[in-house]
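*Asks:* CSV, C-alpha atoms, saved as target26.csv, coming up:
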chain,number,residue,atom,x,y,z
Z,1,MET,CA,100.4,-123.9,-22.8
Z,2,ARG,CA,100.7,-124.1,-19.1
Z,3,TRP,CA,99.0,-127.5,-18.9
Z,4,LEU,CA,99.8,-130.5,-21.0
Z,5,TRP,CA,97.1,-132.3,-23.0
Z,6,LEU,CA,99.2,-134.5,-25.2
Z,7,ASP,CA,100.9,-137.8,-24.5
Z,8,ARG,CA,103.5,-138.1,-27.2
Z,9,ILE,CA,104.8,-136.4,-30.3
Z,10,LEU,CA,105.1,-138.9,-33.2
Z,11,GLU,CA,106.5,-136.6,-35.9
Z,12,LEU,CA,107.8,-133.1,-36.0
Z,13,ASP,CA,109.0,-131.8,-39.3
Z,14,LYS,CA,110.3,-128.2,-38.7
Z,15,ALA,CA,107.8,-125.5,-39.9
Z,16,LYS,CA,105.8,-128.1,-41.8
Z,17,ARG,CA,104.0,-130.7,-39.8
Z,18,CYS,CA,103.5,-132.1,-36.3
Z,19,VAL,CA,101.7,-135.4,-35.4
Z,20,ALA,CA,100.8,-136.0,-31.7
Z,21,ILE,CA,98.6,-138.5,-29.9
Z,22,ARG,CA,96.4,-138.3,-26.9
Z,23,ASN,CA,94.9,-141.4,-25.3
Z,24,VAL,CA,91.4,-141.1,-24.0
Z,25,THR,CA,91.1,-142.8,-20.6
Z,26,ALA,CA,88.1,-143.5,-18.4
Z,27,ALA,CA,90.4,-142.4,-15.5
Z,28,GLU,CA,89.8,-138.8,-16.4
Z,29,ASP,CA,87.1,-137.1,-14.3
Z,30,VAL,CA,86.1,-134.8,-17.1
Z,31,LEU,CA,84.8,-137.6,-19.1
Z,32,HIS,CA,82.4,-138.6,-16.4
Z,33,ASP,CA,80.9,-135.1,-16.4
Z,34,HIS,CA,80.4,-135.1,-20.2
Z,35,PHE,CA,78.1,-137.6,-21.8
Z,36,ALA,CA,76.9,-138.3,-25.3
Z,37,PRO,CA,73.3,-139.5,-25.7
Z,38,GLY,CA,72.8,-143.2,-26.4
Z,39,LYS,CA,72.1,-144.1,-30.0
Z,40,ALA,CA,72.0,-147.1,-32.3
Z,41,SER,CA,75.2,-147.8,-34.2
Z,42,ASP,CA,75.0,-147.5,-37.9
Z,43,ALA,CA,76.7,-149.7,-40.6
Z,44,HIS,CA,80.1,-148.2,-39.8
Z,45,GLY,CA,79.6,-148.9,-36.1
Z,46,PHE,CA,79.5,-145.2,-35.2
Z,47,ASN,CA,76.5,-143.0,-35.8
Z,48,GLY,CA,77.6,-140.9,-32.9
Z,49,GLY,CA,77.8,-143.9,-30.7
Z,50,PRO,CA,80.8,-145.5,-29.1
Z,51,THR,CA,83.3,-146.7,-31.7
Z,52,GLY,CA,83.5,-150.2,-32.9
Z,53,CYS,CA,80.1,-151.5,-31.7
Z,54,ALA,CA,77.8,-153.9,-33.5
Z,55,ILE,CA,75.3,-152.6,-36.0
Z,56,GLY,CA,72.0,-151.7,-34.5
Z,57,THR,CA,73.3,-151.9,-30.9
Z,58,VAL,CA,71.5,-149.4,-28.7
Z,59,HIS,CA,73.8,-147.8,-26.2
Z,60,PRO,CA,73.0,-145.9,-23.0
Z,61,ALA,CA,74.5,-142.5,-22.6
Z,62,TYR,CA,78.3,-142.9,-22.3
Z,63,PRO,CA,81.3,-140.7,-21.4
Z,64,VAL,CA,83.1,-138.9,-24.1
Z,65,MET,CA,86.0,-136.4,-24.4
Z,66,PRO,CA,84.4,-133.0,-25.0
Z,67,ASN,CA,85.0,-131.4,-28.4
Z,68,SER,CA,86.5,-128.3,-26.7
Z,69,LEU,CA,89.3,-130.5,-25.2
Z,70,ILE,CA,89.9,-132.2,-28.6
Z,71,ILE,CA,90.4,-128.7,-30.0
Z,72,GLU,CA,92.8,-128.1,-27.1
Z,73,GLY,CA,94.8,-131.1,-28.1
Z,74,PHE,CA,95.0,-129.9,-31.7
Z,75,ALA,CA,96.0,-126.4,-30.5
Z,76,GLN,CA,98.9,-127.8,-28.5
Z,77,THR,CA,100.0,-129.9,-31.5
Z,78,ALA,CA,99.9,-126.9,-33.8
Z,79,GLY,CA,101.3,-124.6,-31.1
Z,80,ILE,CA,104.3,-126.8,-30.7
Z,81,LEU,CA,104.8,-126.9,-34.5
Z,82,THR,CA,104.7,-123.1,-34.6
Z,83,GLY,CA,107.0,-122.7,-31.6
Z,84,HIS,CA,109.5,-125.3,-32.9
Z,85,ALA,CA,109.7,-123.4,-36.2
Z,86,ASN,CA,111.5,-120.6,-34.3
Z,87,ASP,CA,113.3,-122.8,-31.8
Z,88,PHE,CA,110.7,-121.9,-29.1
Z,89,LYS,CA,112.1,-118.3,-29.0
Z,90,GLU,CA,108.6,-116.8,-29.6
Z,91,LYS,CA,105.7,-116.9,-27.2
Z,92,VAL,CA,103.1,-118.6,-29.2
Z,93,ILE,CA,99.4,-117.8,-28.3
Z,94,LEU,CA,96.3,-119.4,-29.9
Z,95,ALA,CA,94.7,-116.4,-31.5
Z,96,LYS,CA,91.8,-117.7,-33.5
Z,97,ILE,CA,90.0,-120.9,-34.3
Z,98,GLY,CA,89.0,-120.3,-37.9
Z,99,LYS,CA,87.1,-123.6,-38.3
Z,100,ALA,CA,86.5,-126.8,-36.3
Z,101,VAL,CA,84.2,-129.3,-38.0
Z,102,PHE,CA,83.4,-132.5,-36.2
Z,103,THR,CA,82.3,-135.7,-38.0
Z,104,GLY,CA,80.1,-136.9,-35.2
Z,105,ILE,CA,82.3,-139.8,-34.1
Z,106,SER,CA,82.7,-139.7,-30.3
Z,107,ALA,CA,86.1,-139.9,-28.5
Z,108,THR,CA,85.4,-142.6,-26.0
Z,109,PRO,CA,87.7,-144.2,-23.4
Z,110,GLY,CA,90.1,-146.8,-24.7
Z,111,TYR,CA,90.8,-145.1,-28.0
Z,112,THR,CA,93.6,-142.8,-29.2
Z,113,LEU,CA,93.3,-139.4,-30.8
Z,114,ARG,CA,95.9,-138.5,-33.4
Z,115,HIS,CA,96.3,-134.8,-34.1
Z,116,THR,CA,98.0,-133.9,-37.4
Z,117,ALA,CA,98.8,-130.2,-37.8
Z,118,GLU,CA,100.4,-128.5,-40.8
Z,119,ILE,CA,101.7,-125.0,-41.3
Z,120,VAL,CA,99.8,-123.0,-44.0
Z,121,GLN,CA,101.6,-119.7,-43.4
Z,122,LEU,CA,104.3,-118.7,-41.0
Z,123,ASP,CA,106.1,-115.3,-40.5
Z,124,ASP,CA,107.3,-113.0,-37.8
Z,125,ARG,CA,103.8,-112.3,-36.7
Z,126,GLY,CA,102.6,-115.8,-36.2
Z,127,SER,CA,101.2,-118.7,-38.2
Z,128,SER,CA,98.1,-120.1,-39.7
Z,129,THR,CA,97.7,-123.9,-39.4
Z,130,GLN,CA,95.3,-126.6,-40.5
Z,131,GLY,CA,94.9,-130.2,-39.8
Z,132,ILE,CA,92.8,-133.2,-38.8
Z,133,VAL,CA,92.0,-135.2,-35.7
Z,134,GLU,CA,91.6,-138.9,-36.1
Z,135,ILE,CA,90.6,-141.7,-33.8
Z,136,ILE,CA,92.5,-145.0,-33.6
Z,137,ASP,CA,91.3,-148.2,-32.2
Z,138,PRO,CA,94.2,-149.9,-30.3
Z,139,ALA,CA,92.3,-153.2,-30.5
Z,140,ASP,CA,92.5,-153.0,-34.3
Z,141,PRO,CA,95.9,-151.5,-35.0
Z,142,GLY,CA,95.8,-152.4,-38.7
Z,143,ALA,CA,92.6,-150.5,-39.3
Z,144,PRO,CA,92.8,-147.0,-40.8
Z,145,PRO,CA,92.2,-144.2,-38.4
Z,146,LYS,CA,88.8,-142.6,-38.6
Z,147,PRO,CA,88.4,-138.9,-39.2
Z,148,LEU,CA,87.0,-137.1,-36.1
Z,149,ALA,CA,87.5,-133.4,-36.9
Z,150,SER,CA,89.1,-130.9,-39.3
Z,151,ILE,CA,90.4,-127.7,-37.8
Z,152,GLU,CA,92.0,-124.4,-38.8
Z,153,MET,CA,93.8,-122.3,-36.3
Z,154,MET,CA,95.9,-119.1,-36.1
Z,155,PHE,CA,98.7,-118.4,-33.7
Z,156,SER,CA,100.2,-115.1,-32.7
Z,157,HIS,CA,103.8,-114.4,-31.7
Z,158,VAL,CA,102.6,-112.3,-28.8
Z,159,ASP,CA,105.7,-110.1,-28.4
Z,160,GLN,CA,105.4,-109.1,-32.1
Z,161,ASN,CA,101.7,-108.3,-32.1
Z,162,MET,CA,100.9,-106.8,-28.8
Z,163,GLN,CA,103.2,-103.8,-28.9
Z,164,GLY,CA,102.8,-101.5,-25.9
Z,165,LEU,CA,102.0,-104.4,-23.6
Z,166,GLU,CA,104.6,-106.0,-21.4
Z,167,PHE,CA,104.9,-109.7,-21.0
Z,168,PRO,CA,107.3,-111.7,-18.8
Z,169,GLU,CA,110.7,-112.2,-20.3
Z,170,GLU,CA,110.7,-116.0,-19.8
Z,171,ASN,CA,108.7,-118.1,-22.3
Z,172,PHE,CA,105.6,-118.8,-20.2
Z,173,VAL,CA,104.1,-120.7,-23.1
Z,174,PHE,CA,106.6,-123.5,-23.6
Z,175,THR,CA,107.3,-124.5,-20.1
Z,176,ASP,CA,109.4,-127.4,-18.8
Z,177,GLN,CA,106.6,-129.9,-19.1
Z,178,PHE,CA,106.5,-129.2,-22.8
Z,179,MET,CA,110.2,-129.6,-23.2
Z,180,ASP,CA,109.9,-132.9,-21.3
Z,181,LEU,CA,107.2,-134.0,-23.7
Z,182,LEU,CA,109.6,-133.3,-26.6
Z,183,LYS,CA,112.5,-135.0,-25.0
Z,184,ARG,CA,110.6,-138.2,-24.1
Z,185,SER,CA,109.1,-138.2,-27.6
Z,186,GLY,CA,112.7,-138.2,-29.0
Z,187,VAL,CA,112.4,-134.7,-30.6
Z,188,LYS,CA,115.7,-132.9,-30.9
B,1,MET,CA,98.4,-112.2,-65.3
B,2,SER,CA,96.8,-108.9,-64.2
B,3,LEU,CA,93.5,-109.0,-62.4
B,4,SER,CA,90.7,-106.6,-63.1
B,5,ASP,CA,89.2,-104.4,-60.3
B,6,GLN,CA,86.2,-106.8,-60.3
B,7,ASP,CA,88.4,-109.9,-59.9
B,8,VAL,CA,90.3,-108.3,-57.0
B,9,PHE,CA,87.1,-107.3,-55.3
B,10,ALA,CA,85.6,-110.8,-55.7
B,11,LYS,CA,88.7,-112.3,-54.1
B,12,VAL,CA,88.9,-109.8,-51.3
B,13,GLN,CA,85.2,-110.4,-50.7
B,14,GLU,CA,85.8,-114.1,-50.4
B,15,VAL,CA,88.7,-113.6,-48.0
B,16,LEU,CA,86.6,-111.3,-45.8
B,17,GLU,CA,83.7,-113.7,-45.8
B,18,GLU,CA,86.0,-116.6,-44.7
B,19,ALA,CA,88.0,-114.6,-42.1
B,20,LEU,CA,85.1,-112.8,-40.5
B,21,GLY,CA,82.2,-115.1,-41.1
B,22,VAL,CA,80.1,-112.4,-42.8
B,23,ASP,CA,77.7,-112.7,-45.7
B,24,GLU,CA,78.7,-111.7,-49.3
B,25,ASP,CA,76.2,-108.9,-49.4
B,26,GLU,CA,77.7,-107.3,-46.3
B,27,VAL,CA,81.1,-107.0,-48.0
B,28,THR,CA,80.5,-103.8,-50.0
B,29,PRO,CA,83.2,-101.5,-51.2
B,30,HIS,CA,82.3,-98.9,-48.5
B,31,ALA,CA,82.0,-101.3,-45.6
B,32,THR,CA,84.6,-100.7,-42.9
B,33,ILE,CA,86.5,-103.8,-41.8
B,34,GLY,CA,86.1,-103.0,-38.1
B,35,GLU,CA,82.9,-101.2,-37.5
B,36,ASP,CA,80.7,-102.8,-40.3
B,37,LEU,CA,82.2,-106.2,-40.6
B,38,GLY,CA,83.1,-106.7,-37.0
B,39,ALA,CA,86.8,-107.5,-37.3
B,40,GLU,CA,88.8,-107.6,-34.0
B,41,SER,CA,92.5,-106.9,-33.7
B,42,ILE,CA,93.6,-110.5,-34.3
B,43,ASP,CA,91.4,-110.7,-37.4
B,44,TYR,CA,93.7,-108.3,-39.2
B,45,LEU,CA,96.5,-110.9,-39.1
B,46,ASP,CA,94.1,-113.6,-40.3
B,47,ILE,CA,93.0,-111.3,-43.2
B,48,SER,CA,96.6,-110.5,-44.0
B,49,PHE,CA,97.5,-114.2,-44.2
B,50,ARG,CA,94.5,-115.0,-46.3
B,51,LEU,CA,95.2,-112.1,-48.7
B,52,GLU,CA,98.8,-113.3,-49.1
B,53,LYS,CA,97.5,-116.8,-50.0
B,54,ALA,CA,94.7,-115.7,-52.3
B,55,PHE,CA,96.9,-113.3,-54.3
B,56,GLY,CA,100.3,-115.0,-54.0
B,57,ILE,CA,101.8,-111.9,-52.4
B,58,LYS,CA,103.8,-111.0,-49.3
B,59,ILE,CA,102.4,-108.3,-47.0
B,60,GLY,CA,104.9,-106.7,-44.7
B,61,GLU,CA,104.0,-106.2,-41.0
B,62,SER,CA,103.3,-102.4,-41.3
B,63,GLU,CA,102.6,-102.2,-44.9
B,64,MET,CA,98.8,-101.9,-44.9
B,65,PHE,CA,98.9,-99.8,-41.7
B,66,ASP,CA,101.9,-98.6,-39.5
B,67,PRO,CA,100.6,-98.4,-35.9
B,68,SER,CA,103.8,-96.6,-34.9
B,69,ILE,CA,102.4,-93.3,-36.3
B,70,LEU,CA,99.7,-93.3,-33.6
B,71,SER,CA,102.3,-93.7,-30.8
B,72,ASP,CA,104.4,-90.7,-31.9
B,73,PRO,CA,103.5,-87.5,-30.0
B,74,LYS,CA,104.5,-85.5,-33.0
B,75,PHE,CA,101.7,-87.2,-35.0
B,76,VAL,CA,99.0,-87.4,-32.4
B,77,GLN,CA,98.0,-84.6,-30.0
B,78,ASP,CA,94.8,-84.4,-27.8
B,79,GLY,CA,93.3,-87.4,-29.5
B,80,LYS,CA,93.7,-86.0,-33.0
B,81,VAL,CA,96.1,-86.7,-35.7
B,82,THR,CA,98.2,-83.6,-36.4
B,83,ASP,CA,99.0,-82.2,-39.8
B,84,ALA,CA,102.4,-83.9,-39.7
B,85,GLY,CA,100.6,-87.1,-38.8
B,86,LEU,CA,98.3,-86.8,-41.7
B,87,THR,CA,101.3,-86.2,-44.0
B,88,ALA,CA,102.9,-89.4,-42.6
B,89,LEU,CA,99.7,-91.3,-43.1
B,90,ARG,CA,99.4,-90.2,-46.7
B,91,ALA,CA,103.0,-91.2,-47.3
B,92,LYS,CA,102.7,-94.6,-45.6
B,93,MET,CA,99.1,-95.4,-46.7
B,94,PRO,CA,98.7,-94.1,-50.3
B,95,HIS,CA,96.0,-96.8,-50.6
B,96,ALA,CA,93.8,-95.1,-47.9
B,97,ASP,CA,91.4,-92.1,-48.3
B,98,ILE,CA,93.3,-89.9,-45.8
B,99,ASP,CA,91.7,-86.7,-47.3
B,100,ALA,CA,88.2,-87.8,-46.0
B,101,PHE,CA,89.7,-88.7,-42.6
B,102,ALA,CA,91.5,-85.3,-42.4
B,103,GLN,CA,88.1,-83.5,-42.2
B,104,ASP,CA,87.8,-84.7,-38.6
B,105,PRO,CA,91.1,-86.4,-37.8
B,106,GLU,CA,90.2,-88.0,-34.4
B,107,VAL,CA,92.3,-91.1,-33.8
B,108,ASP,CA,89.1,-93.0,-32.8
B,109,LYS,CA,87.8,-92.4,-36.4
B,110,LEU,CA,90.9,-93.8,-38.1
B,111,GLY,CA,89.1,-97.1,-38.4
B,112,ASP,CA,86.8,-95.5,-40.9
B,113,VAL,CA,89.6,-95.5,-43.6
B,114,PHE,CA,89.9,-99.3,-43.4
B,115,THR,CA,87.2,-100.1,-46.0
B,116,VAL,CA,86.9,-103.0,-48.3
B,117,ALA,CA,87.7,-100.5,-51.2
B,118,MET,CA,91.0,-99.6,-49.3
B,119,VAL,CA,92.0,-103.2,-49.1
B,120,CYS,CA,91.3,-103.7,-52.8
B,121,LYS,CA,93.4,-100.6,-53.7
B,122,PHE,CA,96.2,-101.9,-51.5
B,123,ILE,CA,96.1,-105.3,-53.3
B,124,LYS,CA,96.1,-103.6,-56.7
B,125,SER,CA,99.2,-101.6,-55.7
B,126,LYS,CA,100.9,-104.8,-54.6
B,127,LEU,CA,100.1,-106.6,-57.8
B,128,GLY,CA,101.5,-103.7,-59.8
For the file at hand, write its structure as structure tokens.
*Replies:*
Amino acid sequence: MRWLWLDRILELDKAKRCVAIRNVTAAEDVLHDHFAPGKASDAHGFNGGPTGCAIGTVHPAYPVMPNSLIIEGFAQTAGILTGHANDFKEKVILAKIGKAVFTGISATPGYTLRHTAEIVQLDDRGSSTQGIVEIIDPADPGAPPKPLASIEMMFSHVDQNMQGLEFPEENFVFTDQFMDLLKRSGVK
Amino acid sequence: MSLSDQDVFAKVQEVLEEALGVDEDEVTPHATIGEDLGAESIDYLDISFRLEKAFGIKIGESEMFDPSILSDPKFVQDGKVTDAGLTALRAKMPHADIDAFAQDPEVDKLGDVFTVAMVCKFIKSKLG
């Protein structure tokens, strides 16, 4: 995790669950290189179109956060959960994405993504995790978050599983910027 | 509750289908996990986690296979597992068909012992 793709940790229950958010902003260049095709909104206001639009509205193509980067946000959430379980002593590497199923709702600018990761199994070798990504409309804070994806991931404790290979002694996974994220999120 | 051989195979089959994204009919008893089912190194950890969950057991790090045997010069010489190495493999992997491997004990062919049947036998031994 040498780059940060989360804004804030909301919950961190040791070796059990981590909840983090990521705001989607139009100020990010990557969104303007990644467009979803325009479609008419369905009765839920989604149908693959921008969230919260009137039924039947036809939209032109619009910028969205790519699913690969949504997976990255979940990976950082679940990676922090796995690292925190051993007080960040292990170098935690994303080993495998077992499943990533998207509902079709687009992550458009102005909305917030909420990643909830849970540990399924954890031992000396690594962890298996599962969880969901939801989208929250800040203009309607009382509305329930809408499901965007369900994901399963495995993480490896690299020093335990790559015997014979040498890695730097310092923990190059959990760098200062991640520790800063934990601090400003109030995680002890 | 003890599981029949058929029950164990069915569960192992399900685990391998999920972990490796293979079809049910590919997971035959003689299929090798690496060569036939396409498992890569990290898949073994995934398979191990899924087996633990499916059968409610704990699998130790080197229990199914101890890689330290292959890094010991006493056990491997000129790319082949020595007689001492074969003895060590038999002792550490009673669930594997080491006799068949011993016919041509090239290290590169050790993957052939990792069959679906071997995993089932290992699970049966864990379940007691």
*Asks:* Hey, which bits of range 57-78 of chain B sit within 10 Å of range 123-128 of chain B, and for each residue what's the closest pair of atoms and how far apart in Å (one decimal), counting all atoms listed in the file, rows by chain and increasing number, as JSON lines?
*Replies:*
{"residue": "B:Ile57", "atom": "CA", "partner": "B:Lys126", "partner_atom": "CA", "distance": 7.5}
{"residue": "B:Lys58", "atom": "CA", "partner": "B:Lys126", "partner_atom": "CA", "distance": 8.7}
{"residue": "B:Ile59", "atom": "CA", "partner": "B:Lys126", "partner_atom": "CA", "distance": 8.5}
{"residue": "B:Met64", "atom": "CA", "partner": "B:Ile123", "partner_atom": "CA", "distance": 9.5}
*Asks:* Taking all atoms listed in the file into account, which of Z:Ala143, Z:Ala36, Z:Val19, Z:Leu69 comes nearest Gly104 in chain Z?
*Replies:*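 Result for the nearest residue to Gly104 in chain Z: Z:Ala36.
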*Asks:* Counting all atoms listed in the file, which of Z:Leu148, Z:Leu94, Z:Ile105, Z:Ile132 gets nearest to chain B?
*Replies:*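 Closest to chain B, using all atoms listed in the file: Z:Leu94.
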*Asks:* Residues of chain B within 8 Å of chain Z, counting only C-alpha atoms - could you list those as an MDAnalysis selection string?
*Replies:* chainID B and resid 19 42 45:46 49 61
*Asks:* Go ahead and find all residues with at least one atom no further than 7 Å from (86.8, -102.5, -46.5) in the file's coordinates, using all atoms listed in the file; report them as a short mmCIF file (atom, residue, chain, number, x, y, z; two decimals) with C-alpha atoms, in the coordinates of the input.
*Replies:*
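Wrote selection-v5.cif, looks like this:
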data_model
loop_
_atom_site.label_atom_id
_atom_site.label_comp_id
_atom_site.auth_asym_id
_atom_site.auth_seq_id
_atom_site.Cartn_x
_atom_site.Cartn_y
_atom_site.Cartn_z
CA PRO B 29 83.20 -101.50 -51.20
CA HIS B 30 82.30 -98.90 -48.50
CA ALA B 31 82.00 -101.30 -45.60
CA THR B 32 84.60 -100.70 -42.90
CA ILE B 33 86.50 -103.80 -41.80
CA PHE B 114 89.90 -99.30 -43.40
CA THR B 115 87.20 -100.10 -46.00
CA VAL B 116 86.90 -103.00 -48.30
CA ALA B 117 87.70 -100.50 -51.20
CA MET B 118 91.00 -99.60 -49.30
CA VAL B 119 92.00 -103.20 -49.10
#
*Asks:* Considering all atoms listed in the file, can you say which of Z:Val92, Z:Ile80, Z:Ile119, Z:Ala61 comes closest to Ala15 in chain Z?
*Replies:* Z:Ile119
*Asks:* Which residues are near Ala117 in chain Z? Cut-off 10 Å, only C-alpha atoms, ignore same chain within fewer than 4 positions. Put them as an MDAnalysis selection string.
*Replies:* chainID Z and resid 12 16:20 74:82 129:133 150:153
*Asks:* Find the residue from Z:Phe35, Z:Trp5, Z:Tyr111, Z:Phe102 that sits nearest to Gly73 in chain Z; use only C-alpha atoms when measuring.
*Replies:*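 Residue with the minimum atom-to-atom distance to Gly73 in chain Z: Z:Trp5.
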*Asks:* What separation in Å, quoted to one decimal, exists between CA of Thr116 in chain Z and CA of Ile21 in chain Z?
*Replies:*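 Spanning CA of Thr116 in chain Z to CA of Ile21 in chain Z is a straight-line distance of 8.8 Å.
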*Asks:* Between B:Val27, B:Met93, B:Leu110, B:Ile47, which residue has the minimum interatomic distance to Asp66 in chain B, considering only C-alpha atoms?
*Replies:*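 Nearest to Asp66 in chain B: B:Met93.
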*Asks:* Measuring between only C-alpha atoms, which one of B:Glu106, B:Glu52, B:Glu40, B:Glu35 shows the shortest distance to Val12 in chain B?
*Replies:* B:Glu52
*Asks:* Rounded to one decimal, what separation in Å do you get between CA of Leu6 in chain Z and CA of Arg22 in chain Z?
*Replies:*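 CA of Leu6 in chain Z sits 5.0 Å away from CA of Arg22 in chain Z.
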*Asks:* Work out how far apart CA of Leu113 in chain Z and CA of Val187 in chain Z are and give it in Å to one decimal.
*Replies:* 19.7 Å
